[in-house]
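Right, one structure below, let's go through it.
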Amino acid sequence: MKVLTLLLSLLASTYGYTQANSKPGPSDSAIVKKVKGNIKQFMRWTDHLGDNYLLLTVTNEIKSSAKTSDKELYGYHFIRKDSLVWQLTDFEKGCSFDNIVEFRNGATKITDLDKNGLSEIWIMYSLACTSDVSPRVLKLIMYQGNKKYAIRGTSQPARNMMDEKNGGKYTLSKEFESLPQPFKDFAQKLWEQHLYDLQ
């Protein structure tokens, strides 16, 4: 009985262990080969699915014509380095100005708000093709297992450069609307923390 209690304690302490924004090591080379783009964020953690790996990547600009470029971002969630749970893809295409495709620094979170042993993965990123300082497309995506929940809206350029007409707006997907209030509260806090393009 003591052994079982100790094992459960170890499992509880191991669950949710995350190496935020760490870099892949030599032992991760097999999983790195499976993704497209340059790795911007890399996380490891453990839940009841086993060992989880999250890789967030962004491609270099790809010339789509003489005057325009494409840029893409990807998110990959693997279990045990060989089983892909989901892949996220988004992009800015045909851009003839500054092509901005980037993940929000510090906004990627691993949680278990409903305490069911299955992690929630939170990702925020912005997209824009712009020649000035104006609101960007801003998205907050949450996955639990392979189920996707999204909030889509616009950023604010900076705290001292607010766009009251177009910036800071958002809508919840119907899937996100169905989530319990603690998820919505967490999302709102995360959105407000990472709303600004220039901190």
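A note on labels: chains of the structure tokens are A, B, ... as shown, every chain counts residues from 1, and ligands are counted from 1 in their shown order.
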
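The alpha helix (DSSP H) portion of segment 1-117 of chain A consists of A:Lys2, A:Val3, A:Leu4, A:Thr5, A:Leu6, A:Leu7, A:Leu8, A:Ser9, A:Leu10, A:Leu11, A:Ala12, A:Ser13, A:Thr14, A:Ser29, A:Ala30, A:Ile31, A:Val32, with states taken from DSSP on the backbone.
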
| All strand (DSSP E) residues (DSSP, backbone) inside segment 46-100 of chain A, as a ChimeraX atom specification | /A:46-47,50-58,62-63,69-79,83-95,98-100

Keeping only N, CA and C atoms, write those residues as a short mmCIF file (atom, residue, chain, number, x, y, z; two decimals), in the first residue's frame.
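What ended up in out-v7.cif:
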data_model
loop_
_atom_site.label_atom_id
_atom_site.label_comp_id
_atom_site.auth_asym_id
_atom_site.auth_seq_id
_atom_site.Cartn_x
_atom_site.Cartn_y
_atom_site.Cartn_z
N THR A 46 4.39 15.95 -19.11
CA THR A 46 3.80 14.63 -18.95
C THR A 46 2.40 14.75 -18.38
N ASP A 47 1.46 14.03 -18.99
CA ASP A 47 0.12 13.89 -18.41
C ASP A 47 -0.31 12.46 -18.62
N GLY A 50 0.98 10.44 -21.53
CA GLY A 50 2.39 10.07 -21.56
C GLY A 50 3.26 11.30 -21.74
N ASP A 51 4.38 11.12 -22.44
CA ASP A 51 5.30 12.23 -22.71
C ASP A 51 4.82 13.03 -23.90
N ASN A 52 4.62 14.33 -23.69
CA ASN A 52 4.10 15.23 -24.71
C ASN A 52 5.19 16.17 -25.21
N TYR A 53 5.10 16.51 -26.49
CA TYR A 53 6.04 17.45 -27.11
C TYR A 53 5.26 18.45 -27.94
N LEU A 54 5.55 19.73 -27.72
CA LEU A 54 4.94 20.80 -28.50
C LEU A 54 6.04 21.55 -29.24
N LEU A 55 5.89 21.68 -30.55
CA LEU A 55 6.84 22.43 -31.35
C LEU A 55 6.07 23.50 -32.13
N LEU A 56 6.48 24.75 -31.98
CA LEU A 56 5.90 25.87 -32.70
C LEU A 56 6.95 26.41 -33.66
N THR A 57 6.61 26.49 -34.94
CA THR A 57 7.59 26.85 -35.95
C THR A 57 7.07 27.94 -36.88
N VAL A 58 7.99 28.68 -37.48
CA VAL A 58 7.66 29.70 -38.47
C VAL A 58 8.64 29.55 -39.64
N ILE A 62 8.79 33.22 -48.15
CA ILE A 62 8.86 32.48 -49.41
C ILE A 62 8.35 33.40 -50.51
N LYS A 63 9.17 33.67 -51.50
CA LYS A 63 8.75 34.54 -52.59
C LYS A 63 7.60 33.90 -53.37
N SER A 69 5.45 37.99 -50.91
CA SER A 69 5.99 36.84 -50.20
C SER A 69 4.92 36.16 -49.37
N ASP A 70 5.17 34.89 -49.07
CA ASP A 70 4.33 34.11 -48.18
C ASP A 70 5.13 33.77 -46.93
N LYS A 71 4.42 33.60 -45.82
CA LYS A 71 5.06 33.16 -44.59
C LYS A 71 4.06 32.29 -43.85
N GLU A 72 4.55 31.21 -43.23
CA GLU A 72 3.65 30.24 -42.61
C GLU A 72 4.09 29.95 -41.18
N LEU A 73 3.11 29.58 -40.35
CA LEU A 73 3.45 29.09 -39.01
C LEU A 73 2.76 27.76 -38.78
N TYR A 74 3.37 26.96 -37.92
CA TYR A 74 2.86 25.63 -37.62
C TYR A 74 2.97 25.35 -36.13
N GLY A 75 2.03 24.54 -35.64
CA GLY A 75 2.11 24.00 -34.30
C GLY A 75 1.93 22.50 -34.38
N TYR A 76 2.75 21.76 -33.66
CA TYR A 76 2.68 20.29 -33.68
C TYR A 76 2.65 19.77 -32.24
N HIS A 77 1.72 18.87 -31.98
CA HIS A 77 1.66 18.20 -30.68
C HIS A 77 1.88 16.71 -30.91
N PHE A 78 2.99 16.21 -30.38
CA PHE A 78 3.33 14.79 -30.48
C PHE A 78 3.25 14.13 -29.11
N ILE A 79 2.95 12.85 -29.12
CA ILE A 79 3.08 12.01 -27.93
C ILE A 79 4.16 10.98 -28.24
N SER A 83 3.75 9.95 -32.35
CA SER A 83 2.30 10.00 -32.61
C SER A 83 1.85 11.46 -32.64
N LEU A 84 1.40 11.93 -33.81
CA LEU A 84 0.95 13.30 -33.96
C LEU A 84 -0.51 13.41 -33.51
N VAL A 85 -0.75 14.22 -32.48
CA VAL A 85 -2.10 14.41 -31.97
C VAL A 85 -2.84 15.44 -32.83
N TRP A 86 -2.17 16.57 -33.13
CA TRP A 86 -2.75 17.58 -34.00
C TRP A 86 -1.66 18.43 -34.62
N GLN A 87 -2.02 19.08 -35.71
CA GLN A 87 -1.14 20.05 -36.37
C GLN A 87 -1.93 21.31 -36.66
N LEU A 88 -1.38 22.44 -36.27
CA LEU A 88 -1.98 23.75 -36.52
C LEU A 88 -1.22 24.41 -37.66
N THR A 89 -1.96 25.00 -38.61
CA THR A 89 -1.34 25.68 -39.75
C THR A 89 -2.02 27.02 -39.97
N ASP A 90 -1.23 28.07 -40.16
CA ASP A 90 -1.78 29.37 -40.54
C ASP A 90 -0.74 30.11 -41.36
N PHE A 91 -1.11 31.24 -41.96
CA PHE A 91 -0.19 31.87 -42.90
C PHE A 91 -0.63 33.29 -43.25
N GLU A 92 0.31 34.02 -43.84
CA GLU A 92 0.06 35.32 -44.48
C GLU A 92 0.64 35.20 -45.88
N LYS A 93 -0.21 35.32 -46.89
CA LYS A 93 0.23 35.06 -48.26
C LYS A 93 0.05 36.28 -49.16
N GLY A 94 0.89 36.33 -50.20
CA GLY A 94 0.80 37.40 -51.18
C GLY A 94 1.04 38.77 -50.61
N CYS A 95 1.98 38.87 -49.68
CA CYS A 95 2.22 40.13 -48.97
C CYS A 95 3.30 40.94 -49.70
N ASP A 98 5.47 44.47 -45.06
CA ASP A 98 6.12 43.68 -44.01
C ASP A 98 5.25 42.47 -43.69
N ASN A 99 5.79 41.29 -43.88
CA ASN A 99 5.05 40.05 -43.65
C ASN A 99 5.34 39.58 -42.22
N ILE A 100 4.35 39.76 -41.34
CA ILE A 100 4.53 39.46 -39.91
C ILE A 100 3.72 38.21 -39.56
#

| message | With only C-alpha atoms as the counted atoms, please give the residues lying no more than 9 Å from Ala107 of chain A, apart from itself and same-chain residues fewer than 3 positions off, as a ChimeraX atom specification. | response | /A:103-104,122-125,190-191,193-194

| message | Give me the residues near Asn160 of chain A as a ChimeraX atom specification, where near means some atom within 12 Å (using only C-alpha atoms) and where sequence neighbours in that chain fewer than 5 positions away do not count. | response | /A:196-199

Save the residues we just selected, C-alpha atoms, as a PDB file, in the first residue's frame?
ATOM      1  CA  TYR A 196      -0.050  44.466 -27.444  1.00  0.00           C
ATOM      2  CA  ASP A 197       2.331  44.099 -30.386  1.00  0.00           C
ATOM      3  CA  LEU A 198       4.888  46.384 -28.730  1.00  0.00           C
ATOM      4  CA  GLN A 199       5.308  45.798 -25.001  1.00  0.00           C
TER       5      GLN A 199
END

Segment 179-185 of chain A environment, 8 Å, only C-alpha atoms, sequence neighbours closer than 4 positions dropped, as a PDB file with N, CA and C atoms, in the first residue's frame:
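The result, written out as around-v3.pdb:
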ATOM      1  N   LEU A 113      -6.998  22.864 -16.204  1.00  0.00           N
ATOM      2  CA  LEU A 113      -7.966  23.641 -15.438  1.00  0.00           C
ATOM      3  C   LEU A 113      -9.108  22.790 -14.885  1.00  0.00           C
ATOM      4  N   GLU A 175     -17.317  26.487 -30.210  1.00  0.00           N
ATOM      5  CA  GLU A 175     -16.708  25.466 -29.350  1.00  0.00           C
ATOM      6  C   GLU A 175     -16.184  26.094 -28.064  1.00  0.00           C
ATOM      7  N   LYS A 189      -7.776  36.585 -19.460  1.00  0.00           N
ATOM      8  CA  LYS A 189      -6.565  37.085 -18.808  1.00  0.00           C
ATOM      9  C   LYS A 189      -5.374  36.967 -19.747  1.00  0.00           C
TER      10      LYS A 189
END

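In this model, the gap between atom CA of Gln156 of chain A and atom CA of Val133 of chain A comes to 9.4 Å.
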
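Residues within 8 Å of Gly145 of chain A, counting only C-alpha atoms and excluding same-chain residues fewer than 2 positions away, are Val85, Leu118, Ser119, Glu120, Tyr143 and Lys147 of chain A.
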